[in-house]
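To be precise, the following lines are structure02.txt, and they hold compact mmCIF, C-alpha atoms and all ligand atoms.
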# COMPACT_ATOMS: atom_id res chain seq x y z
CA MET A 575 24.85 -27.53 8.63
CA ALA A 576 23.34 -24.55 6.81
CA LYS A 577 22.08 -21.76 9.00
CA THR A 578 18.34 -21.14 8.96
CA TYR A 579 16.07 -18.10 8.76
CA PHE A 580 12.39 -17.47 9.33
CA ILE A 581 10.39 -14.38 8.33
CA HIS A 582 7.24 -13.36 10.18
CA THR A 583 5.30 -10.85 8.09
CA PHE A 584 2.62 -8.40 9.17
CA GLY A 585 0.59 -6.09 6.97
CA CYS A 586 0.00 -5.48 3.32
CA GLN A 587 1.01 -7.14 0.07
CA SER A 588 4.03 -4.85 -0.25
CA ASN A 589 5.35 -6.27 2.99
CA LYS A 590 4.73 -9.82 1.79
CA SER A 591 6.58 -9.02 -1.43
CA ASP A 592 9.48 -7.47 0.54
CA SER A 593 9.64 -10.65 2.61
CA GLU A 594 10.00 -12.70 -0.57
CA ARG A 595 13.03 -10.58 -1.44
CA ILE A 596 14.50 -10.81 2.03
CA ALA A 597 14.12 -14.61 1.75
CA GLY A 598 15.93 -14.43 -1.61
CA ASP A 599 18.80 -12.57 0.03
CA TYR A 600 19.09 -15.22 2.77
CA GLU A 601 19.04 -18.09 0.26
CA ALA A 602 21.69 -16.38 -1.86
CA ARG A 603 23.86 -16.41 1.27
CA GLY A 604 23.32 -20.16 1.76
CA TYR A 605 20.66 -20.06 4.49
CA THR A 606 17.62 -22.34 4.36
CA GLU A 607 14.13 -21.56 5.63
CA ALA A 608 13.26 -22.95 9.08
CA GLU A 609 9.85 -24.50 9.71
CA SER A 610 9.06 -22.09 12.50
CA TRP A 611 10.44 -19.10 14.37
CA ARG A 612 11.01 -21.48 17.29
CA THR A 613 13.73 -23.33 15.39
CA CYS A 614 15.52 -20.71 13.29
CA ASP A 615 18.94 -19.09 13.68
CA GLU A 616 17.74 -15.72 12.43
CA LEU A 617 14.22 -14.34 12.77
CA VAL A 618 13.10 -11.39 10.63
CA VAL A 619 10.00 -9.56 11.84
CA ASN A 620 8.57 -7.52 8.99
CA THR A 621 6.28 -4.99 10.64
CA CYS A 622 3.31 -2.84 9.66
CA ALA A 623 2.53 0.59 11.10
CA VAL A 624 -0.60 1.53 9.20
CA ARG A 625 -2.63 1.47 12.41
CA GLN A 626 -1.81 1.26 16.09
CA ARG A 627 -3.33 -2.22 16.23
CA ALA A 628 -0.80 -3.42 13.63
CA GLU A 629 2.08 -2.14 15.77
CA ASP A 630 0.54 -3.74 18.86
CA ARG A 631 0.42 -7.07 17.05
CA ALA A 632 4.14 -6.90 16.23
CA ARG A 633 4.98 -6.05 19.83
CA GLY A 634 2.71 -8.86 21.05
CA PHE A 635 4.48 -11.31 18.73
CA MET A 636 7.89 -10.15 19.98
CA HIS A 637 6.69 -10.63 23.56
CA ASN A 638 5.62 -14.21 22.76
CA VAL A 639 9.02 -14.94 21.21
CA VAL A 640 10.84 -13.68 24.30
CA VAL A 641 8.56 -15.61 26.69
CA HIS A 642 8.95 -18.81 24.65
CA PHE A 643 12.76 -18.74 24.73
CA ASN A 644 12.88 -17.71 28.39
CA GLU A 645 10.57 -20.58 29.36
CA THR A 646 12.27 -23.25 27.25
CA GLY A 647 15.78 -22.04 28.05
CA LYS A 648 16.69 -22.50 24.37
CA LYS A 649 19.03 -20.10 22.61
CA ARG A 650 17.11 -17.20 21.17
CA PRO A 651 17.57 -16.55 17.42
CA LYS A 652 19.09 -13.32 16.23
CA ILE A 653 16.08 -11.00 15.82
CA ILE A 654 16.04 -8.51 12.95
CA LEU A 655 13.25 -5.97 12.75
CA THR A 656 12.21 -4.37 9.47
CA GLY A 657 9.09 -2.93 7.80
CA CYS A 658 7.13 0.23 8.43
CA MET A 659 7.75 0.40 12.18
CA THR A 660 11.36 1.37 11.40
CA HIS A 661 10.10 4.95 10.95
CA HIS A 662 10.24 5.23 14.78
CA GLY A 663 14.05 5.30 14.55
CA ASN A 664 16.52 2.88 16.09
CA GLU A 665 16.68 4.42 19.54
CA LYS A 666 12.95 4.24 20.15
CA LEU A 667 12.65 0.76 18.65
CA TYR A 668 15.40 -0.73 20.83
CA GLU A 669 13.66 0.86 23.79
CA MET A 670 10.22 -0.48 22.75
CA MET A 671 11.51 -3.97 21.93
CA PRO A 672 14.79 -4.67 23.72
CA ALA A 673 14.97 -8.21 22.28
CA VAL A 674 15.68 -6.80 18.79
CA ASP A 675 19.31 -7.32 17.73
CA GLU A 676 19.32 -5.45 14.45
CA ILE A 677 17.13 -3.01 12.53
CA LEU A 678 16.94 -3.19 8.75
CA PRO A 679 15.41 -0.06 7.15
CA ILE A 680 12.78 -1.27 4.70
CA ASN A 681 14.04 0.95 1.88
CA GLU A 682 17.29 -1.04 1.93
CA VAL A 683 15.51 -4.15 0.67
CA GLY A 684 16.58 -3.87 -2.96
CA PHE A 685 15.95 -5.77 -6.17
CA ASN A 686 19.37 -7.33 -6.53
CA THR A 687 18.48 -10.84 -5.45
CA ALA A 688 15.73 -13.03 -6.85
CA ALA A 689 12.65 -13.27 -4.64
CA VAL A 690 11.70 -16.63 -3.15
CA ARG A 691 8.09 -17.31 -4.15
CA LYS A 692 5.84 -20.15 -3.09
CA ASP A 693 3.25 -19.61 -5.82
CA VAL A 694 4.38 -20.53 -9.36
CA LYS A 695 1.36 -19.45 -11.38
CA HIS A 696 1.09 -15.97 -9.88
CA ALA A 697 3.83 -13.51 -8.85
CA TRP A 698 3.90 -10.15 -7.09
CA VAL A 699 6.38 -7.86 -8.82
CA PRO A 700 7.32 -4.58 -7.10
CA ILE A 701 7.85 -1.74 -9.56
CA SER A 702 8.49 1.11 -7.15
CA THR A 703 9.23 1.78 -3.52
CA GLY A 704 8.23 4.63 -1.22
CA CYS A 705 5.73 7.39 -1.79
CA ASN A 706 5.80 11.15 -2.36
CA SER A 707 2.14 11.81 -1.76
CA PHE A 708 2.03 12.72 1.92
CA CYS A 709 -1.63 12.06 2.57
CA THR A 710 -1.87 13.59 6.02
CA PHE A 711 -2.89 10.33 7.76
CA CYS A 712 -0.24 8.09 6.23
CA ILE A 713 3.07 6.92 7.62
CA VAL A 714 4.38 5.39 4.38
CA PRO A 715 6.37 8.40 3.05
CA TYR A 716 8.19 8.44 6.39
CA SER A 717 8.66 4.69 6.81
CA ARG A 718 9.44 3.78 3.19
CA GLY A 719 10.96 7.04 2.02
CA ARG A 720 10.52 8.86 -1.27
CA GLU A 721 9.10 7.19 -4.34
CA LYS A 722 11.71 5.42 -6.45
CA SER A 723 10.84 3.62 -9.66
CA ARG A 724 12.53 0.36 -10.42
CA ASP A 725 14.36 0.21 -13.78
CA LEU A 726 12.38 -1.13 -16.72
CA ASP A 727 15.16 -3.61 -17.60
CA SER A 728 15.18 -5.02 -14.09
CA ILE A 729 11.38 -5.48 -14.11
CA LEU A 730 11.34 -7.11 -17.54
CA ALA A 731 14.27 -9.39 -16.67
CA GLU A 732 12.30 -10.58 -13.63
CA VAL A 733 9.16 -11.12 -15.72
CA GLU A 734 11.23 -13.12 -18.21
CA ARG A 735 12.56 -15.35 -15.42
CA LEU A 736 9.06 -15.78 -14.01
CA VAL A 737 7.61 -16.71 -17.40
CA ALA A 738 10.38 -19.27 -17.91
CA GLY A 739 9.39 -20.78 -14.56
CA GLY A 740 5.70 -21.06 -15.52
CA THR A 741 4.20 -17.83 -14.18
CA GLU A 742 1.07 -16.69 -16.02
CA GLU A 743 -0.30 -13.95 -13.76
CA ILE A 744 1.53 -10.90 -12.49
CA THR A 745 0.53 -8.25 -9.98
CA LEU A 746 2.58 -5.06 -10.20
CA LEU A 747 3.07 -3.48 -6.80
CA GLY A 748 3.76 0.07 -5.68
CA MET A 749 2.24 2.70 -3.43
CA ASN A 750 1.25 4.69 -6.51
CA VAL A 751 1.85 2.48 -9.55
CA ASN A 752 0.51 4.95 -12.08
CA SER A 753 3.32 7.41 -11.46
CA TRP A 754 5.89 4.70 -12.18
CA GLY A 755 8.85 6.01 -14.20
CA LEU A 756 7.76 9.64 -14.23
CA GLU A 757 10.64 10.83 -12.07
CA LYS A 758 13.06 9.30 -14.56
CA LEU A 759 11.71 11.50 -17.33
CA GLY A 760 13.26 14.42 -15.51
CA ILE A 761 10.01 16.36 -15.52
CA GLY A 762 10.27 16.75 -11.80
CA PHE A 763 7.84 17.50 -9.07
CA ARG A 764 5.03 19.93 -9.53
CA LYS A 765 5.59 21.17 -5.98
CA LEU A 766 8.30 20.60 -3.43
CA MET A 767 7.68 17.74 -1.04
CA HIS A 768 7.38 18.83 2.54
CA GLU A 769 10.24 17.42 4.53
CA LYS A 770 9.82 19.65 7.54
CA PRO A 771 6.99 19.10 10.02
CA SER A 772 3.98 21.24 9.23
CA TYR A 773 1.51 22.35 11.83
CA ASN A 774 -1.07 23.94 9.54
CA ARG A 775 -2.94 22.27 6.74
CA GLU A 776 -2.45 25.45 4.67
CA ASP A 777 1.33 24.99 4.84
CA LEU A 778 1.23 21.60 3.20
CA PRO A 779 1.96 21.56 -0.51
CA ASP A 780 -0.52 19.85 -2.80
CA ASN A 781 1.42 16.69 -3.11
CA GLN A 782 -0.81 14.74 -5.40
CA SER A 783 -0.40 14.88 -9.16
CA GLN A 784 3.15 15.44 -8.11
CA TYR A 785 4.62 15.02 -11.57
CA LEU A 786 3.80 17.07 -14.61
CA GLN A 787 2.00 14.80 -17.04
CA PRO A 788 4.20 13.67 -19.92
CA LYS A 789 3.16 14.70 -23.41
CA LYS A 790 3.86 11.20 -24.70
CA THR A 791 2.53 7.86 -23.48
CA PRO A 792 2.94 7.63 -19.69
CA PRO A 793 5.71 5.21 -18.62
CA PHE A 794 3.26 3.00 -16.67
CA VAL A 795 1.22 2.43 -19.82
CA GLN A 796 4.42 1.52 -21.67
CA LEU A 797 5.27 -0.92 -18.90
CA LEU A 798 1.84 -2.58 -19.12
CA ARG A 799 2.31 -2.99 -22.87
CA ALA A 800 5.83 -4.43 -22.48
CA ILE A 801 4.59 -7.05 -20.00
CA SER A 802 1.53 -7.83 -22.11
CA ALA A 803 3.90 -8.66 -24.98
CA PHE A 804 4.92 -11.88 -23.20
CA ASP A 805 2.65 -14.54 -24.74
CA GLN A 806 2.75 -16.64 -21.59
CA ILE A 807 1.36 -13.82 -19.44
CA LYS A 808 -2.40 -14.22 -19.28
CA MET A 809 -3.31 -11.71 -16.56
CA ILE A 810 -1.83 -8.46 -15.25
CA ARG A 811 -3.05 -6.75 -12.10
CA PHE A 812 -1.67 -3.71 -10.32
CA MET A 813 -2.06 -1.95 -7.03
CA THR A 814 -2.35 0.68 -5.91
CA SER A 815 -3.43 3.03 -8.65
CA ASN A 816 -4.50 6.32 -7.14
CA PRO A 817 -6.98 8.81 -8.60
CA TRP A 818 -4.18 11.28 -9.35
CA ASP A 819 -1.68 10.46 -12.11
CA PHE A 820 -4.50 8.44 -13.73
CA HIS A 821 -3.84 9.52 -17.28
CA ASP A 822 -6.55 9.12 -19.95
CA GLU A 823 -4.22 6.85 -21.87
CA LEU A 824 -4.15 4.52 -18.87
CA VAL A 825 -7.95 4.37 -18.95
CA ASP A 826 -7.76 3.51 -22.67
CA GLU A 827 -5.12 0.85 -22.07
CA ILE A 828 -7.17 -0.84 -19.35
CA SER A 829 -10.27 -0.67 -21.54
CA THR A 830 -8.67 -2.25 -24.59
CA ASN A 831 -5.94 -4.53 -23.24
CA LYS A 832 -7.84 -7.58 -22.05
CA LYS A 833 -4.78 -9.08 -20.38
CA ILE A 834 -5.31 -6.42 -17.72
CA ASP A 835 -7.68 -7.50 -14.97
CA ARG A 836 -11.11 -5.88 -15.04
CA TYR A 837 -10.80 -5.12 -11.31
CA VAL A 838 -9.28 -1.70 -10.57
CA HIS A 839 -8.52 -0.68 -7.01
CA LEU A 840 -9.13 3.05 -6.68
CA PRO A 841 -8.85 4.33 -3.10
CA VAL A 842 -11.17 7.24 -2.36
CA GLN A 843 -10.77 7.53 1.45
CA SER A 844 -13.75 9.91 1.79
CA GLY A 845 -16.69 11.23 -0.20
CA SER A 846 -16.48 14.68 1.35
CA ASN A 847 -14.39 17.37 -0.34
CA ASP A 848 -13.61 19.00 3.01
CA VAL A 849 -12.32 15.75 4.46
CA LEU A 850 -10.34 15.06 1.28
CA TYR A 851 -8.74 18.48 1.67
CA ARG A 852 -7.83 17.75 5.30
CA MET A 853 -6.39 14.44 4.13
CA ASN A 854 -4.38 16.24 1.40
CA ARG A 855 -5.69 13.81 -1.21
CA GLY A 856 -5.55 16.31 -4.07
CA TYR A 857 -8.80 15.35 -5.82
CA THR A 858 -12.46 16.01 -5.22
CA ARG A 859 -15.48 13.76 -5.16
CA GLU A 860 -16.37 15.24 -8.57
CA THR A 861 -13.02 14.41 -10.19
CA TYR A 862 -13.15 10.93 -8.64
CA LEU A 863 -16.62 10.37 -10.09
CA LYS A 864 -15.44 11.61 -13.47
CA LEU A 865 -12.65 9.05 -13.47
CA VAL A 866 -15.07 6.28 -12.50
CA GLU A 867 -17.32 7.34 -15.36
CA LYS A 868 -14.41 7.26 -17.82
CA LEU A 869 -13.42 3.76 -16.68
CA HIS A 870 -16.96 2.43 -17.02
CA LYS A 871 -17.35 4.09 -20.37
CA GLY A 872 -14.08 2.53 -21.51
CA ASP A 873 -15.34 -0.93 -20.59
CA PRO A 874 -18.60 -1.53 -18.69
CA GLU A 875 -17.10 -4.78 -17.37
CA ILE A 876 -14.56 -2.89 -15.24
CA VAL A 877 -15.25 -3.27 -11.53
CA LEU A 878 -13.88 -1.05 -8.81
CA GLY A 879 -12.74 -1.45 -5.24
CA THR A 880 -11.71 1.18 -2.75
CA ASP A 881 -10.21 2.13 0.62
CA ILE A 882 -12.12 4.39 3.00
CA ILE A 883 -11.22 5.91 6.34
CA VAL A 884 -14.08 6.70 8.71
CA GLY A 885 -13.79 8.97 11.73
CA PHE A 886 -11.04 11.15 10.27
CA PRO A 887 -10.56 14.18 12.59
CA GLY A 888 -13.49 16.54 12.42
CA GLU A 889 -15.62 14.25 10.21
CA THR A 890 -19.17 15.46 10.76
CA ASP A 891 -22.32 13.39 10.25
CA GLU A 892 -22.94 15.32 7.04
CA GLU A 893 -19.42 14.65 5.76
CA PHE A 894 -19.80 10.95 6.54
CA GLN A 895 -23.15 10.95 4.76
CA GLU A 896 -21.40 12.23 1.64
CA THR A 897 -19.24 9.10 1.68
CA VAL A 898 -22.37 6.96 2.03
CA GLU A 899 -23.93 8.72 -0.96
CA LEU A 900 -20.73 8.23 -2.96
CA ALA A 901 -20.81 4.51 -2.15
CA LYS A 902 -24.34 4.32 -3.52
CA ALA A 903 -23.29 6.18 -6.67
CA VAL A 904 -20.06 4.32 -7.44
CA ARG A 905 -21.17 0.84 -6.32
CA TRP A 906 -17.73 -0.46 -5.42
CA GLN A 907 -17.40 -4.22 -5.49
CA VAL A 908 -15.30 -4.21 -2.36
CA GLY A 909 -14.39 -1.57 0.21
CA PHE A 910 -11.56 -1.80 2.73
CA VAL A 911 -13.00 0.41 5.43
CA ALA A 912 -10.74 1.48 8.30
CA MET A 913 -11.37 3.48 11.44
CA TYR A 914 -8.96 6.44 11.67
CA SER A 915 -6.00 5.83 13.92
CA PRO A 916 -3.47 8.68 14.39
CA ARG A 917 0.06 7.64 13.45
CA PRO A 918 2.75 9.53 15.34
CA GLY A 919 4.91 11.57 12.98
CA THR A 920 2.23 12.13 10.34
CA ALA A 921 0.76 15.53 9.50
CA SER A 922 -2.76 14.64 10.69
CA TRP A 923 -1.32 13.50 14.03
CA ARG A 924 0.39 16.88 14.35
CA ILE A 925 -2.43 19.06 13.05
CA TYR A 926 -5.75 17.54 14.08
CA PRO A 927 -7.09 16.20 17.37
CA ASP A 928 -8.41 12.63 17.10
CA ASP A 929 -11.85 13.90 18.08
CA ILE A 930 -14.30 11.31 16.78
CA PRO A 931 -15.28 8.89 19.56
CA HIS A 932 -14.53 5.22 18.93
CA LYS A 933 -18.24 4.39 19.19
CA VAL A 934 -19.03 6.76 16.30
CA LYS A 935 -16.14 5.44 14.20
CA LYS A 936 -17.43 1.90 14.76
CA GLU A 937 -21.00 2.85 13.76
CA ARG A 938 -19.75 4.53 10.58
CA TRP A 939 -17.54 1.55 9.83
CA GLU A 940 -20.52 -0.80 10.16
CA ILE A 941 -22.73 1.31 7.91
CA LEU A 942 -20.18 1.35 5.08
CA ASP A 943 -19.15 -2.27 5.50
CA GLU A 944 -22.80 -3.31 5.32
CA LEU A 945 -23.50 -1.08 2.33
CA ILE A 946 -20.43 -1.94 0.26
CA ASN A 947 -19.38 -5.42 1.31
CA LYS A 948 -22.53 -7.11 2.61
CA ARG A 949 -25.37 -5.58 0.66
CA ASN A 950 -23.12 -5.18 -2.38
CA LEU A 951 -24.83 -2.65 -4.58
CA SER A 952 -22.75 -3.56 -7.57
CA THR A 953 -24.40 -5.45 -10.37
CA ARG A 954 -21.07 -6.33 -11.91
CA PRO A 955 -19.31 -9.67 -11.40
CA ILE A 956 -16.61 -9.87 -8.73
CA VAL A 957 -13.24 -10.63 -10.26
CA VAL A 958 -10.93 -9.71 -7.35
S1 LIG B 1 -0.60 7.62 -1.65
FE1 LIG B 1 -1.13 8.50 0.33
S2 LIG B 1 -2.08 6.75 1.43
FE2 LIG B 1 -0.96 5.89 -0.31
S3 LIG B 1 1.06 5.36 0.49
FE3 LIG B 1 1.24 7.42 -0.37
S4 LIG B 1 0.86 8.81 1.36
FE4 LIG B 1 0.12 6.78 1.94

With the file now loaded, output its structure as structure tokens.
Amino acid sequence: MAKTYFIHTFGCQSNKSDSERIAGDYEARGYTEAESWRTCDELVVNTCAVRQRAEDRARGFMHNVVVHFNETGKKRPKIILTGCMTHHGNEKLYEMMPAVDEILPINEVGFNTAAVRKDVKHAWVPISTGCNSFCTFCIVPYSRGREKSRDLDSILAEVERLVAGGTEEITLLGMNVNSWGLEKLGIGFRKLMHEKPSYNREDLPDNQSQYLQPKKTPPFVQLLRAISAFDQIKMIRFMTSNPWDFHDELVDEISTNKKIDRYVHLPVQSGSNDVLYRMNRGYTRETYLKLVEKLHKGDPEIVLGTDIIVGFPGETDEEFQETVELAKAVRWQVGFVAMYSPRPGTASWRIYPDDIPHKVKKERWEILDELINKRNLSTRPIVV
């Protein structure tokens, strides 16, 4: 009888997409998917580390697995841990979760095997892995490693297979999709990435706009055009496109290429320039607003969504108010608002004390959630 696997996934769409590839790898080796983690031979736990609560959930799940098999006396499956929690390193992880048998670094999940997808009409297609941006609060550059663009041929071959199978909608995935392919042009980084721990904000390089802009059409725009050329593809989405590396030609392409969704996710994180500096985001509220203006000018039907962190270290009432004012000005259709949670190993964890009380974070969260998601200032249609 064929051996079975089960994948339990926490976190974002990138994790879900990675799980589809891990499933593909299992199926290529002759495994079949079990109905539940209670009945599989191998259990993969794909973890998220974006906030402490996400890590707690993975540990809670692992606890339930151990209790279940202890109580039933059944043989426990082999447990493989992957995802963003792998940044803790093997030693710490085995200590935190002794039931884990193997650790699979997430950047080893490649593109060599076809993903197993449940949805036929729509497919998530990863175009890059990792991130070079080193926003001070974020664990991704440590957990997923440096940004690496997937080859154009490999992406197009996958799209071709998907189209042949009936797929009409594609979402391109990456931590910073708009810098896709730039490292392959050999134009290199604008500044060196910081690999060594920094204890002062001033020591951190400006990591955004990390590549010099190409003189010719940016690779990501070329990719959008190449995918649009498939007649069967009716809709292309992408996430996440960040305010840096957002070339004017990308604005033009979104405006004129109607196969591209009118929803653009554009994380801002804060409306205060001082907070943005502490976050090492590499843009200002003014440059963000300018980009929003360009997008709306390109096509008034374009709608925007965003990510915001409230209660970042040192965020004053005035700084928070600047984010509120920005929300009123931009009128995002949707805002994923998060309360700051220090992630061990990140620059903000090293540099800044987590000094905003939970009560204040919660109040700020409620104000923005109400303003953006409940009151919904936008007059544009939601097309998320
Ligand atoms: S761009 Fe910033 S927030 Fe996004 S994954 Fe990279 S470091 Fe994290």

>> Between A:Ala903, A:Ile653, A:Ile834, A:Ile882, which residue has the minimum interatomic distance to Lys864 of chain A, considering all atoms listed in the file?
In response: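 For Lys864 of chain A, the nearest of the given residues is A:Ala903.
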
> If we count all atoms listed in the file, what is near Val733 of chain A at a cut-off of 12 Å, once residues fewer than 5 positions away on the same chain are taken out, given as a PyMOL selection string?
Replying inline: chain A and resi 688-689+696-701+726-728+738-746+797-798+800-807+810

> Hey, which of A:Asp881, A:Glu594, A:Glu860, A:Glu669 ends up closest to ligand LIG 1 (chain B)? Count all atoms listed in the file.
Replying inline: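 Looking at the shortest contact to ligand LIG 1 (chain B), the residue is A:Asp881.
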
> Separation of atom CA of Phe584 of chain A and atom CA of Thr621 of chain A, in Å?
Replying inline: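 Separation of atom CA of Phe584 of chain A and atom CA of Thr621 of chain A: 5.2 Å.
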
> Excluding same-chain residues fewer than 6 positions from Val904 of chain A, what lies within 12 Å of it counting all atoms listed in the file, as a list in words?
Replying inline: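 My reading of the contact set: Leu840, Val842, Gly845, Arg859, Glu860, Tyr862, Leu863, Lys864, Leu865, Val866, Glu867, Leu869, His870, Ile876, Val877, Leu878, Gly879, Thr880, Thr897, Val898, Leu945, Ile946, Asn950, Leu951, Ser952, Thr953 and Arg954 of chain A.
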
At a cut-off of 7 Å, can you tabulate as JSON lines every residue of chain A near ligand LIG 1 (chain B) together with its closest atom pair and the distance in Å to one decimal, using all atoms listed in the file and ordering rows by chain then number?
{"residue": "A:Cys705", "atom": "CA", "partner": "B:LIG1", "partner_atom": "FE3", "distance": 4.7}
{"residue": "A:Asn706", "atom": "CA", "partner": "B:LIG1", "partner_atom": "FE3", "distance": 6.2}
{"residue": "A:Ser707", "atom": "CA", "partner": "B:LIG1", "partner_atom": "S4", "distance": 4.5}
{"residue": "A:Phe708", "atom": "CA", "partner": "B:LIG1", "partner_atom": "S4", "distance": 4.1}
{"residue": "A:Cys709", "atom": "CA", "partner": "B:LIG1", "partner_atom": "FE1", "distance": 4.2}
{"residue": "A:Cys712", "atom": "CA", "partner": "B:LIG1", "partner_atom": "FE4", "distance": 4.5}
{"residue": "A:Ile713", "atom": "CA", "partner": "B:LIG1", "partner_atom": "FE4", "distance": 6.4}
{"residue": "A:Val714", "atom": "CA", "partner": "B:LIG1", "partner_atom": "FE4", "distance": 5.1}
{"residue": "A:Pro715", "atom": "CA", "partner": "B:LIG1", "partner_atom": "S4", "distance": 5.8}
{"residue": "A:Met749", "atom": "CA", "partner": "B:LIG1", "partner_atom": "S3", "distance": 4.9}
{"residue": "A:Asn750", "atom": "CA", "partner": "B:LIG1", "partner_atom": "S1", "distance": 6.0}
{"residue": "A:Asn816", "atom": "CA", "partner": "B:LIG1", "partner_atom": "S1", "distance": 6.9}

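Across A:Tyr668, A:Thr656, A:Asp928, A:Arg612, the tightest approach to His642 of chain A is made by A:Arg612 when counting all atoms listed in the file.
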
> Closest to Ser846 of chain A among A:Arg627, A:Glu645, A:Ser702, A:Val884, using all atoms listed in the file?
Replying inline: A:Val884

>> For a quick check of understanding, using only C-alpha atoms, which of A:Lys577, A:His821, A:Lys692, A:Arg799 has the smallest distance to Lys868 of chain A?
In response: A:His821

>> My list of candidates is A:Gly647, A:Gly657, A:Pro874, A:Gly634. Which is closest to Lys590 of chain A when distances are computed with all atoms listed in the file?
In response: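 Looking at the shortest contact to Lys590 of chain A, the residue is A:Gly657.
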
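The interatomic distance for the pair atom CA of Ala576 of chain A and atom CA of Gly604 of chain A works out to 6.7 Å.
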
> Asp929 of chain A: which residues within 12 Å, counting only C-alpha atoms, same-chain residues fewer than 5 positions away excluded, as a PyMOL selection string?
Replying inline: chain A and resi 885-890+914-916+922-923+934-935
